[in-house]
$ cat protein.txt   # compact mmCIF, C-alpha atoms
# COMPACT_ATOMS: atom_id res chain seq x y z
CA MET A 1 19.65 8.18 -1.04
CA ILE A 2 17.65 11.42 -1.35
CA TYR A 3 14.55 9.34 -2.09
CA SER A 4 15.09 7.24 1.06
CA LEU A 5 15.61 10.38 3.16
CA LYS A 6 12.46 11.95 1.75
CA ILE A 7 10.31 8.88 2.47
CA THR A 8 11.90 8.52 5.95
CA TRP A 9 11.05 12.18 6.66
CA TYR A 10 7.39 11.64 5.64
CA PHE A 11 7.32 8.57 7.89
CA TYR A 12 9.02 10.39 10.77
CA LYS A 13 6.51 13.28 10.66
CA ALA A 14 3.81 11.03 12.15
CA ILE A 15 5.93 10.31 15.25
CA MET A 16 7.99 13.50 15.35
CA VAL A 17 5.97 15.22 18.10
CA TRP A 18 6.40 12.25 20.46
CA CYS A 19 10.10 11.97 19.68
CA ILE A 20 10.67 15.69 20.36
CA ILE A 21 8.67 15.60 23.59
CA ALA A 22 10.71 12.60 24.79
CA SER A 23 14.00 14.31 23.87
CA LEU A 24 13.09 17.59 25.59
CA ALA A 25 11.87 15.77 28.70
CA CYS A 26 15.14 13.82 28.95
CA ILE A 27 17.20 16.99 28.45
CA TYR A 28 15.09 18.91 31.01
CA TYR A 29 15.55 16.26 33.70
CA LEU A 30 19.24 16.01 32.84
CA CYS A 31 19.72 19.79 33.20
CA SER A 32 17.79 19.81 36.48
CA ARG A 33 20.09 16.99 37.66
CA GLN A 34 17.30 14.53 38.24
CA LEU A 35 18.84 12.23 35.59
CA ASN A 36 22.43 11.43 34.69
CA VAL A 37 23.58 10.95 31.06
CA PRO A 38 23.36 7.12 30.91
CA PHE A 39 19.90 7.13 32.44
CA ALA A 40 18.74 9.92 30.07
CA ILE A 41 19.84 7.73 27.16
CA ILE A 42 18.01 4.72 28.61
CA CYS A 43 14.85 6.86 29.01
CA LYS A 44 15.14 8.02 25.41
CA LEU A 45 15.49 4.44 24.17
CA ALA A 46 12.50 3.42 26.30
CA SER A 47 10.47 6.18 24.65
CA TYR A 48 11.06 4.49 21.26
CA ALA A 49 9.50 1.30 22.62
CA ALA A 50 6.53 3.32 23.90
CA ILE A 51 6.11 5.09 20.53
CA LEU A 52 6.21 1.72 18.73
CA GLY A 53 3.55 0.39 21.10
CA VAL A 54 1.26 3.40 20.57
CA GLN A 55 1.71 3.23 16.80
CA TYR A 56 0.97 -0.50 16.84
CA LEU A 57 -2.29 0.10 18.70
CA ASN A 58 -3.21 3.10 16.54
CA PHE A 59 -5.21 1.53 13.71
CA ASN A 60 -5.05 4.70 11.58
CA ALA A 61 -1.26 4.77 11.78
CA THR A 62 -0.96 1.21 10.48
CA LYS A 63 -3.28 2.06 7.57
CA THR A 64 -0.77 4.62 6.27
CA TYR A 65 1.93 1.94 6.14
CA PHE A 66 0.51 1.01 2.73
CA TYR A 67 1.67 4.33 1.28
CA PHE A 68 5.23 3.62 2.41
CA ARG A 69 5.10 0.03 1.17
CA ASN A 70 3.88 1.29 -2.21
CA ALA A 71 6.93 3.54 -2.16
CA GLY A 72 8.98 0.33 -1.91
CA PHE A 73 9.90 0.43 1.79
CA ASN A 74 9.73 -2.10 4.59
CA ILE A 75 8.04 -0.57 7.68
CA ASN A 76 10.55 -2.03 10.17
CA ARG A 77 13.37 -0.49 8.16
CA LEU A 78 11.63 2.91 8.14
CA TYR A 79 11.29 2.79 11.93
CA LEU A 80 14.99 1.96 12.15
CA TYR A 81 15.93 4.89 9.87
CA ALA A 82 13.60 7.34 11.66
CA PHE A 83 14.70 6.36 15.16
CA SER A 84 18.37 6.41 14.14
CA LEU A 85 18.12 9.95 12.78
CA ASP A 86 16.17 11.06 15.86
CA PHE A 87 18.73 9.45 18.16
CA VAL A 88 21.59 11.27 16.44
CA ALA A 89 19.71 14.55 16.94
CA PHE A 90 19.12 13.62 20.58
CA ILE A 91 22.82 12.88 21.17
CA ILE A 92 23.75 16.26 19.65
CA LEU A 93 21.23 18.00 21.94
CA LEU A 94 22.51 16.00 24.90
CA SER A 95 26.11 16.99 24.14
CA LEU A 96 25.19 20.66 23.84
CA SER A 97 23.23 20.58 27.09
CA THR A 98 26.13 19.05 29.05
CA ILE A 99 28.66 21.66 27.89
CA ARG A 100 29.45 23.79 30.90
CA MET B 101 11.55 -5.53 -23.93
CA GLU B 102 9.80 -8.78 -22.97
CA PRO B 103 6.78 -8.29 -20.70
CA LEU B 104 7.29 -9.45 -17.11
CA ILE B 105 5.13 -12.29 -15.81
CA LEU B 106 3.89 -12.44 -12.23
CA LYS B 107 3.11 -15.98 -11.10
CA THR B 108 1.35 -16.93 -7.89
CA ASP B 109 1.31 -20.63 -7.18
CA SER B 110 0.41 -23.13 -4.44
CA VAL B 111 -1.03 -20.57 -2.02
CA VAL B 112 -2.43 -22.17 1.11
CA LEU B 113 -4.12 -19.87 3.63
CA GLU B 114 -5.80 -21.09 6.80
CA PHE B 115 -7.59 -19.26 9.62
CA ASP B 116 -8.30 -21.28 12.78
CA GLY B 117 -7.91 -24.54 10.89
CA ARG B 118 -10.34 -23.44 8.15
CA LYS B 119 -8.78 -23.44 4.69
CA ILE B 120 -9.59 -20.13 2.96
CA LEU B 121 -7.32 -20.62 -0.04
CA GLN B 122 -5.80 -23.84 -1.32
CA ASP B 123 -4.10 -24.77 -4.54
CA VAL B 124 -4.34 -21.23 -5.89
CA TYR B 125 -2.66 -20.51 -9.19
CA LEU B 126 -2.74 -17.29 -11.13
CA GLU B 127 -0.56 -15.63 -13.67
CA CYS B 128 -0.56 -12.04 -14.88
CA LYS B 129 1.70 -10.57 -17.49
CA GLN B 130 2.43 -6.94 -18.23
CA GLY B 131 -0.06 -5.76 -20.82
CA GLU B 132 -3.11 -7.46 -19.36
CA VAL B 133 -5.83 -6.87 -16.79
CA LEU B 134 -6.76 -9.88 -14.67
CA GLY B 135 -10.08 -9.71 -12.84
CA ILE B 136 -10.75 -11.76 -9.71
CA LEU B 137 -14.31 -12.47 -8.67
CA GLY B 138 -15.72 -14.36 -5.72
CA ARG B 139 -18.24 -14.22 -2.91
CA ASN B 140 -17.69 -12.32 0.35
CA GLY B 141 -15.05 -13.99 2.50
CA CYS B 142 -13.76 -16.26 -0.26
CA GLY B 143 -10.23 -14.84 0.06
CA LYS B 144 -9.94 -12.31 -2.78
CA SER B 145 -8.48 -9.52 -0.65
CA SER B 146 -6.33 -12.00 1.27
CA LEU B 147 -4.89 -13.27 -2.00
CA LEU B 148 -3.98 -9.71 -3.07
CA ARG B 149 -2.36 -9.06 0.33
CA ILE B 150 -0.39 -12.31 0.04
CA ILE B 151 0.92 -11.25 -3.38
CA PHE B 152 1.76 -7.78 -2.03
CA GLY B 153 3.60 -9.32 0.93
CA THR B 154 1.59 -8.08 3.91
CA LEU B 155 -0.16 -11.37 4.72
CA THR B 156 1.81 -14.54 5.36
CA PRO B 157 0.05 -17.75 4.36
CA ALA B 158 0.97 -21.32 5.29
CA TYR B 159 2.57 -21.69 1.86
CA LYS B 160 3.07 -19.60 -1.27
CA HIS B 161 5.33 -19.29 -4.25
CA ILE B 162 5.33 -15.91 -5.93
CA SER B 163 7.72 -15.03 -8.71
CA ILE B 164 8.32 -12.42 -11.38
CA ASN B 165 9.91 -13.92 -14.50
CA GLY B 166 10.92 -16.95 -12.45
CA GLN B 167 12.62 -14.90 -9.72
CA TYR B 168 11.14 -15.66 -6.27
CA ILE B 169 9.56 -12.63 -4.60
CA LYS B 170 9.35 -12.63 -0.80
CA LYS B 171 7.70 -9.23 -0.34
CA GLY B 172 6.00 -7.89 -3.45
CA TYR B 173 6.30 -4.25 -2.43
CA GLN B 174 10.09 -4.30 -2.05
CA ASN B 175 11.91 -2.41 -4.82
CA MET B 176 8.49 -1.16 -5.99
CA ARG B 177 7.75 -4.33 -7.96
CA ILE B 178 4.09 -4.42 -6.87
CA ALA B 179 1.75 -1.65 -5.67
CA TYR B 180 -1.51 -2.26 -3.83
CA LEU B 181 -4.73 -0.31 -3.32
CA PRO B 182 -6.25 -1.43 0.01
CA GLN B 183 -9.96 -1.10 0.72
CA HIS B 184 -9.30 1.57 3.35
CA ASN B 185 -7.72 5.03 3.08
CA TYR B 186 -3.94 4.87 3.25
CA LEU B 187 -2.42 8.30 2.52
CA PRO B 188 -0.61 9.90 5.50
CA LYS B 189 -1.91 13.17 6.91
CA GLY B 190 -0.01 16.42 7.20
CA ILE B 191 1.97 16.12 3.96
CA LYS B 192 1.10 18.03 0.77
CA ILE B 193 -0.50 15.85 -1.90
CA LYS B 194 2.08 17.10 -4.40
CA LYS B 195 4.94 15.70 -2.30
CA LEU B 196 3.20 12.37 -1.70
CA ALA B 197 2.54 11.97 -5.42
CA GLN B 198 5.99 12.95 -6.64
CA ALA B 199 7.54 10.16 -4.57
CA ILE B 200 5.59 7.32 -6.15
CA ILE B 201 4.15 8.32 -9.54
CA ASP B 202 5.69 6.77 -12.66
CA SER B 203 7.36 9.54 -14.70
CA ARG B 204 5.86 8.05 -17.90
CA PHE B 205 2.40 8.86 -16.58
CA TRP B 206 3.12 12.09 -14.72
CA ASP B 207 1.42 14.31 -17.30
CA ASP B 208 -1.71 12.13 -17.27
CA PHE B 209 -1.79 12.06 -13.48
CA SER B 210 -1.09 15.75 -12.94
CA SER B 211 -3.76 16.80 -15.44
CA HIS B 212 -6.45 14.90 -13.55
CA PRO B 213 -8.84 17.36 -11.82
CA ILE B 214 -8.38 15.77 -8.38
CA TYR B 215 -4.63 16.40 -8.47
CA ARG B 216 -4.85 19.72 -10.32
CA ASP B 217 -7.29 21.20 -7.78
CA TYR B 218 -5.75 19.84 -4.57
CA HIS B 219 -2.03 19.29 -5.15
CA GLU B 220 -1.00 22.13 -2.82
CA LYS B 221 -3.26 20.84 -0.04
CA THR B 222 -3.19 17.91 2.38
CA ILE B 223 -5.65 15.01 2.38
CA ALA B 224 -7.59 16.59 5.28
CA GLU B 225 -9.13 18.99 2.76
CA LEU B 226 -10.56 16.27 0.50
CA SER B 227 -13.98 14.64 0.83
CA GLY B 228 -14.16 10.86 1.27
CA GLY B 229 -14.96 10.27 -2.41
CA GLU B 230 -12.24 12.63 -3.63
CA LEU B 231 -9.68 10.98 -1.36
CA ARG B 232 -10.62 7.54 -2.67
CA GLN B 233 -10.21 8.78 -6.26
CA LEU B 234 -6.81 10.26 -5.50
CA GLU B 235 -5.60 7.14 -3.71
CA THR B 236 -6.75 4.89 -6.55
CA LEU B 237 -5.04 7.09 -9.15
CA MET B 238 -1.81 7.17 -7.15
CA VAL B 239 -1.66 3.38 -7.15
CA ILE B 240 -2.62 2.93 -10.81
CA TYR B 241 -0.03 5.50 -11.93
CA SER B 242 2.67 4.30 -9.50
CA LYS B 243 6.12 3.13 -10.59
CA ALA B 244 5.41 -0.53 -9.82
CA ASP B 245 5.49 -3.21 -12.55
CA PHE B 246 2.29 -4.81 -11.25
CA ILE B 247 -0.75 -3.13 -9.72
CA LEU B 248 -3.20 -4.78 -7.33
CA LEU B 249 -6.54 -3.02 -6.89
CA ASP B 250 -8.88 -4.10 -4.10
CA GLU B 251 -12.36 -2.72 -4.81
CA PRO B 252 -11.37 0.27 -6.96
CA PHE B 253 -14.98 0.89 -8.06
CA THR B 254 -16.47 1.03 -4.57
CA HIS B 255 -17.34 4.48 -3.14
CA ILE B 256 -17.05 6.23 -6.50
CA SER B 257 -19.73 7.47 -8.90
CA PRO B 258 -20.58 5.52 -12.11
CA ILE B 259 -19.10 8.24 -14.31
CA GLN B 260 -15.87 8.09 -12.31
CA ALA B 261 -15.83 4.30 -12.60
CA GLU B 262 -15.99 4.67 -16.39
CA ALA B 263 -13.06 7.11 -16.29
CA PHE B 264 -11.03 4.71 -14.10
CA LYS B 265 -11.65 1.84 -16.50
CA ALA B 266 -10.15 3.89 -19.34
CA ILE B 267 -7.13 4.76 -17.15
CA ILE B 268 -6.66 1.11 -16.11
CA LYS B 269 -6.76 0.02 -19.75
CA LYS B 270 -4.18 2.65 -20.70
CA CYS B 271 -1.77 1.77 -17.87
CA ALA B 272 -2.21 -1.94 -18.56
CA LYS B 273 -0.33 -1.45 -21.83
CA VAL B 274 2.91 -1.37 -19.83
CA LYS B 275 1.89 -2.87 -16.47
CA GLY B 276 0.14 -5.98 -15.24
CA ILE B 277 -3.04 -5.18 -13.33
CA ILE B 278 -4.96 -7.50 -11.01
CA LEU B 279 -8.22 -6.20 -9.61
CA THR B 280 -11.22 -7.37 -7.65
CA ASP B 281 -14.57 -5.78 -6.86
CA HIS B 282 -18.15 -6.81 -6.10
CA GLN B 283 -19.29 -4.65 -9.03
CA TYR B 284 -18.72 -7.64 -11.31
CA TYR B 285 -19.99 -5.86 -14.45
CA ASN B 286 -17.14 -3.35 -14.14
CA ILE B 287 -14.65 -6.20 -13.65
CA LEU B 288 -16.03 -8.06 -16.69
CA ASP B 289 -15.86 -4.85 -18.69
CA VAL B 290 -12.25 -3.91 -17.92
CA SER B 291 -10.58 -7.35 -17.63
CA ASP B 292 -8.85 -9.36 -20.33
CA ARG B 293 -9.18 -12.53 -18.26
CA ILE B 294 -11.36 -13.51 -15.31
CA ILE B 295 -10.63 -15.84 -12.43
CA LEU B 296 -13.30 -16.94 -9.97
CA ILE B 297 -12.37 -17.99 -6.45
CA THR B 298 -14.77 -20.58 -5.11
CA ASP B 299 -14.27 -23.05 -2.27
CA GLY B 300 -10.67 -21.85 -1.97
CA TYR B 301 -9.76 -22.74 -5.57
CA THR B 302 -9.10 -20.47 -8.53
CA ARG B 303 -11.15 -21.27 -11.64
CA PRO B 304 -10.46 -19.56 -14.96
CA ILE B 305 -13.69 -18.23 -16.46
CA LYS B 306 -13.85 -18.60 -20.24
CA HIS B 307 -17.43 -17.42 -20.67
CA LYS B 308 -19.64 -15.18 -18.55
CA ASP B 309 -22.27 -17.94 -18.26
CA GLU B 310 -19.84 -19.96 -16.12
CA LEU B 311 -20.39 -17.38 -13.35
CA VAL B 312 -24.00 -18.62 -13.20
CA THR B 313 -22.86 -22.26 -13.34
CA TYR B 314 -20.55 -21.75 -10.35
CA GLY B 315 -23.28 -19.90 -8.44
CA TYR B 316 -21.56 -16.51 -8.32
CA VAL B 317 -24.52 -14.72 -9.94
CA SER B 318 -28.08 -15.88 -10.56
CA HIS B 319 -28.20 -14.52 -14.11
CA ILE B 320 -26.14 -12.47 -16.54
CA ASN B 321 -27.75 -9.68 -18.56
$ encode --input "protein.txt" --output "structure tokens"
Amino acid sequence: MIYSLKITWYFYKAIMVWCIIASLACIYYLCSRQLNVPFAIICKLASYAAILGVQYLNFNATKTYFYFRNAGFNINRLYLYAFSLDFVAFIILLSLSTIR
Amino acid sequence: MEPLILKTDSVVLEFDGRKILQDVYLECKQGEVLGILGRNGCGKSSLLRIIFGTLTPAYKHISINGQYIKKGYQNMRIAYLPQHNYLPKGIKIKKLAQAIIDSRFWDDFSSHPIYRDYHEKTIAELSGGELRQLETLMVIYSKADFILLDEPFTHISPIQAEAFKAIIKKCAKVKGIILTDHQYYNILDVSDRIILITDGYTRPIKHKDELVTYGYVSHIN
């Protein structure tokens, strides 16, 4: 379990900046009432698709997949773990930002 | 404990209707080094990637001790050194190594100058040659039962190649190692068995002179 978390964290670091930017943008537009909660969630989910697309086109990113495979992990599964953890963090942020 | 046996059978790989590999058979057991030779584009790297599980051919049957393996890398059964750099940036070398190095070889790995001098740094601070050395060592000393090395002697100095051969021989006592490189003299030197890929088929080489017979080299010194 700890090993999986550690490897997921190393994997997540490469996409962390984009995930945080997407989360903060969604929260900002939610707080400024330009987005409602369901639409903020849809935007966040769409950002995952965009990140996947950028990573797929980024040849250097796909090269590093071999490190994670040598660690015994399937890349699709690592994306699932990383996005799941990020989404949980986003939901917590979203909940905090909607508390009045 | 009985040594594990990795078997690769009936591999068929085609690109645009052209058969690259057909009727491939190879077997590697823990405790031996298997060298693969062949001309450019004959499918050596593709074969390693098929065994590792990152290239899907038209047909393959890969097993370890008779148990079918779909993706070689799952559960750390097989590790692979690609021709390109593969370590992720922004993470300390020490952390990257601790996650994948076999505890039986940790002392050997950690006493190597490349690790000793740079373990608190990230890969951005290594030169191209140093990075290649580190990446090769991290695969050879990894926890996997079988190690696949694609051109481990390229981009390193002759003295370093000699050191790697000694390390490969040592690790091969408990692991199965399959390697390929165009520096055929290093492959002949380190391997217990040689297989030549020619016209898509694997041919076991019993004597070095057969490499001349099959047209891989013009002469052997």
$ closest_residue --input "protein.txt" --among "A:Phe59, A:Ser23, A:Phe66, A:Cys43" --to "chain B" --atoms "only C-alpha atoms"
A:Phe66
$ atom_distance --input "protein.txt" --atom1 "atom CA of Leu104 of chain B" --atom2 "atom CA of Ile164 of chain B"
6.5 Å
$ residues_around --input "protein.txt" --residues "segment 238-253 of chain B" --least-positions-apart "5" --cutoff "9 Å" --atoms "all atoms listed in the file" --output "PyMOL selection string"
(chain A and resi 70-72) or (chain B and resi 104+106+128-130+144-145+148-149+151-152+173+175-183+197+200-206+208-209+232-233+258+260-261+264+267-268+271+274-283+286)
$ residues_around --input "protein.txt" --residues "Phe68 of chain A" --least-positions-apart "6" --cutoff "12 Å" --atoms "all atoms listed in the file" --output "PyMOL selection string"
(chain A and resi 3-4+6-12+61-62+74-79) or (chain B and resi 173-176+179-180+186-188+196-197+199-200+239)
$ atom_distance --input "protein.txt" --atom1 "atom CA of Ala46 of chain A" --atom2 "atom CA of Ile191 of chain B"
27.8 Å
$ atom_distance --input "protein.txt" --atom1 "atom CA of Gly315 of chain B" --atom2 "atom CA of Asp123 of chain B"
20.2 Å
$ closest_residue --input "protein.txt" --among "A:Ser47, A:Thr64, A:Ser84, A:Asn36" --to "chain B" --atoms "only C-alpha atoms"
A:Thr64
$ closest_residue --input "protein.txt" --among "B:Ile193, B:Ile136, B:Ala272, B:Leu226" --to "Tyr285 of chain B" --atoms "only C-alpha atoms"
B:Ile136
$ closest_residue --input "protein.txt" --among "A:Ala14, A:Ala22, A:Leu5, A:Val37" --to "Leu94 of chain A" --atoms "all atoms listed in the file"
A:Val37
$ residues_near_point --input "protein.txt" --point "(-2.1, -15.0, -11.9)" --cutoff "6 Å" --atoms "all atoms listed in the file" --output "PyMOL selection string"
chain B and resi 107-108+126-128
$ closest_residue --input "protein.txt" --among "A:Asn60, A:Ile41, A:Ala25, A:Leu52" --to "chain B" --atoms "all atoms listed in the file"
A:Asn60
$ residues_near_point --input "protein.txt" --point "(-6.5, -11.1, -19.6)" --cutoff "8 Å" --atoms "all atoms listed in the file" --output "PyMOL selection string"
chain B and resi 128+132-135+291-294
$ closest_residue --input "protein.txt" --among "A:Ser97, A:Arg69, A:Lys63, A:Gln55" --to "Arg33 of chain A" --atoms "all atoms listed in the file"
A:Ser97
$ residues_around --input "protein.txt" --residues "Phe87 of chain A" --least-positions-apart "4" --cutoff "9 Å" --atoms "all atoms listed in the file" --output "compact mmCIF listing (two decimals) with C-alpha atoms, keeping the file's coordinate frame"
# COMPACT_ATOMS: atom_id res chain seq x y z
CA SER A 23 14.00 14.31 23.87
CA LYS A 44 15.14 8.02 25.41
CA LEU A 45 15.49 4.44 24.17
CA ALA A 82 13.60 7.34 11.66
CA PHE A 83 14.70 6.36 15.16
CA ILE A 91 22.82 12.88 21.17
CA ILE A 92 23.75 16.26 19.65
$ decode --input "protein.txt" --residues "segment 86-97 of chain A" --atoms "all heavy atoms" --output "JSON list (two decimals), in the first residue's frame"
[["chain", "number", "residue", "atom", "x", "y", "z"],
["A", 86, "ASP", "N", -6.30, 13.23, -6.72],
["A", 86, "ASP", "CA", -6.44, 14.66, -7.03],
["A", 86, "ASP", "C", -7.90, 15.09, -6.96],
["A", 86, "ASP", "O", -8.22, 16.17, -6.46],
["A", 86, "ASP", "CB", -5.88, 14.93, -8.43],
["A", 86, "ASP", "CG", -5.97, 16.40, -8.81],
["A", 86, "ASP", "OD1", -5.15, 17.18, -8.30],
["A", 86, "ASP", "OD2", -6.89, 16.76, -9.58],
["A", 87, "PHE", "N", -8.79, 14.21, -7.42],
["A", 87, "PHE", "CA", -10.22, 14.56, -7.42],
["A", 87, "PHE", "C", -10.76, 14.65, -5.99],
["A", 87, "PHE", "O", -11.56, 15.53, -5.68],
["A", 87, "PHE", "CB", -11.01, 13.52, -8.22],
["A", 87, "PHE", "CG", -12.41, 13.94, -8.53],
["A", 87, "PHE", "CD1", -12.67, 15.00, -9.40],
["A", 87, "PHE", "CD2", -13.49, 13.29, -7.95],
["A", 87, "PHE", "CE1", -13.96, 15.40, -9.67],
["A", 87, "PHE", "CE2", -14.79, 13.69, -8.22],
["A", 87, "PHE", "CZ", -15.03, 14.75, -9.08],
["A", 88, "VAL", "N", -10.28, 13.76, -5.14],
["A", 88, "VAL", "CA", -10.68, 13.82, -3.71],
["A", 88, "VAL", "C", -10.24, 15.16, -3.11],
["A", 88, "VAL", "O", -11.01, 15.83, -2.43],
["A", 88, "VAL", "CB", -10.08, 12.62, -2.92],
["A", 88, "VAL", "CG1", -10.25, 12.82, -1.42],
["A", 88, "VAL", "CG2", -10.73, 11.31, -3.37],
["A", 89, "ALA", "N", -8.98, 15.55, -3.42],
["A", 89, "ALA", "CA", -8.48, 16.84, -2.91],
["A", 89, "ALA", "C", -9.32, 18.00, -3.46],
["A", 89, "ALA", "O", -9.63, 18.95, -2.74],
["A", 89, "ALA", "CB", -7.01, 17.01, -3.31],
["A", 90, "PHE", "N", -9.70, 17.87, -4.73],
["A", 90, "PHE", "CA", -10.52, 18.93, -5.36],
["A", 90, "PHE", "C", -11.88, 19.03, -4.69],
["A", 90, "PHE", "O", -12.38, 20.13, -4.42],
["A", 90, "PHE", "CB", -10.67, 18.62, -6.86],
["A", 90, "PHE", "CG", -11.63, 19.55, -7.56],
["A", 90, "PHE", "CD1", -11.31, 20.89, -7.78],
["A", 90, "PHE", "CD2", -12.86, 19.08, -8.01],
["A", 90, "PHE", "CE1", -12.20, 21.73, -8.43],
["A", 90, "PHE", "CE2", -13.75, 19.93, -8.65],
["A", 90, "PHE", "CZ", -13.42, 21.27, -8.86],
["A", 91, "ILE", "N", -12.50, 17.89, -4.40],
["A", 91, "ILE", "CA", -13.82, 17.89, -3.76],
["A", 91, "ILE", "C", -13.74, 18.53, -2.37],
["A", 91, "ILE", "O", -14.62, 19.29, -1.96],
["A", 91, "ILE", "CB", -14.40, 16.45, -3.69],
["A", 91, "ILE", "CG1", -14.70, 15.93, -5.10],
["A", 91, "ILE", "CG2", -15.63, 16.37, -2.81],
["A", 91, "ILE", "CD1", -15.77, 16.71, -5.87],
["A", 92, "ILE", "N", -12.65, 18.23, -1.65],
["A", 92, "ILE", "CA", -12.46, 18.84, -0.32],
["A", 92, "ILE", "C", -12.35, 20.36, -0.46],
["A", 92, "ILE", "O", -12.99, 21.12, 0.27],
["A", 92, "ILE", "CB", -11.22, 18.23, 0.39],
["A", 92, "ILE", "CG1", -11.49, 16.76, 0.73],
["A", 92, "ILE", "CG2", -10.86, 19.02, 1.66],
["A", 92, "ILE", "CD1", -10.28, 15.99, 1.17],
["A", 93, "LEU", "N", -11.53, 20.80, -1.41],
["A", 93, "LEU", "CA", -11.38, 22.25, -1.66],
["A", 93, "LEU", "C", -12.71, 22.89, -2.05],
["A", 93, "LEU", "O", -13.06, 23.98, -1.58],
["A", 93, "LEU", "CB", -10.38, 22.47, -2.81],
["A", 93, "LEU", "CG", -8.92, 22.68, -2.47],
["A", 93, "LEU", "CD1", -8.11, 22.80, -3.76],
["A", 93, "LEU", "CD2", -8.74, 23.94, -1.64],
["A", 94, "LEU", "N", -13.44, 22.18, -2.90],
["A", 94, "LEU", "CA", -14.74, 22.67, -3.37],
["A", 94, "LEU", "C", -15.71, 22.83, -2.19],
["A", 94, "LEU", "O", -16.42, 23.84, -2.08],
["A", 94, "LEU", "CB", -15.30, 21.67, -4.38],
["A", 94, "LEU", "CG", -16.42, 22.11, -5.30],
["A", 94, "LEU", "CD1", -15.89, 23.09, -6.34],
["A", 94, "LEU", "CD2", -17.03, 20.91, -6.01],
["A", 95, "SER", "N", -15.71, 21.83, -1.31],
["A", 95, "SER", "CA", -16.59, 21.86, -0.13],
["A", 95, "SER", "C", -16.23, 23.04, 0.77],
["A", 95, "SER", "O", -17.11, 23.76, 1.24],
["A", 95, "SER", "CB", -16.48, 20.56, 0.66],
["A", 95, "SER", "OG", -16.69, 19.48, -0.18],
["A", 96, "LEU", "N", -14.93, 23.22, 0.98],
["A", 96, "LEU", "CA", -14.49, 24.33, 1.84],
["A", 96, "LEU", "C", -14.87, 25.68, 1.23],
["A", 96, "LEU", "O", -15.27, 26.61, 1.94],
["A", 96, "LEU", "CB", -12.97, 24.26, 2.06],
["A", 96, "LEU", "CG", -12.47, 23.08, 2.89],
["A", 96, "LEU", "CD1", -10.95, 23.03, 2.90],
["A", 96, "LEU", "CD2", -12.99, 23.16, 4.32],
["A", 97, "SER", "N", -14.74, 25.78, -0.08],
["A", 97, "SER", "CA", -15.00, 27.07, -0.74],
["A", 97, "SER", "C", -16.49, 27.41, -0.78],
["A", 97, "SER", "O", -16.85, 28.57, -0.95],
["A", 97, "SER", "CB", -14.43, 27.07, -2.16],
["A", 97, "SER", "OG", -15.14, 26.15, -2.94]]
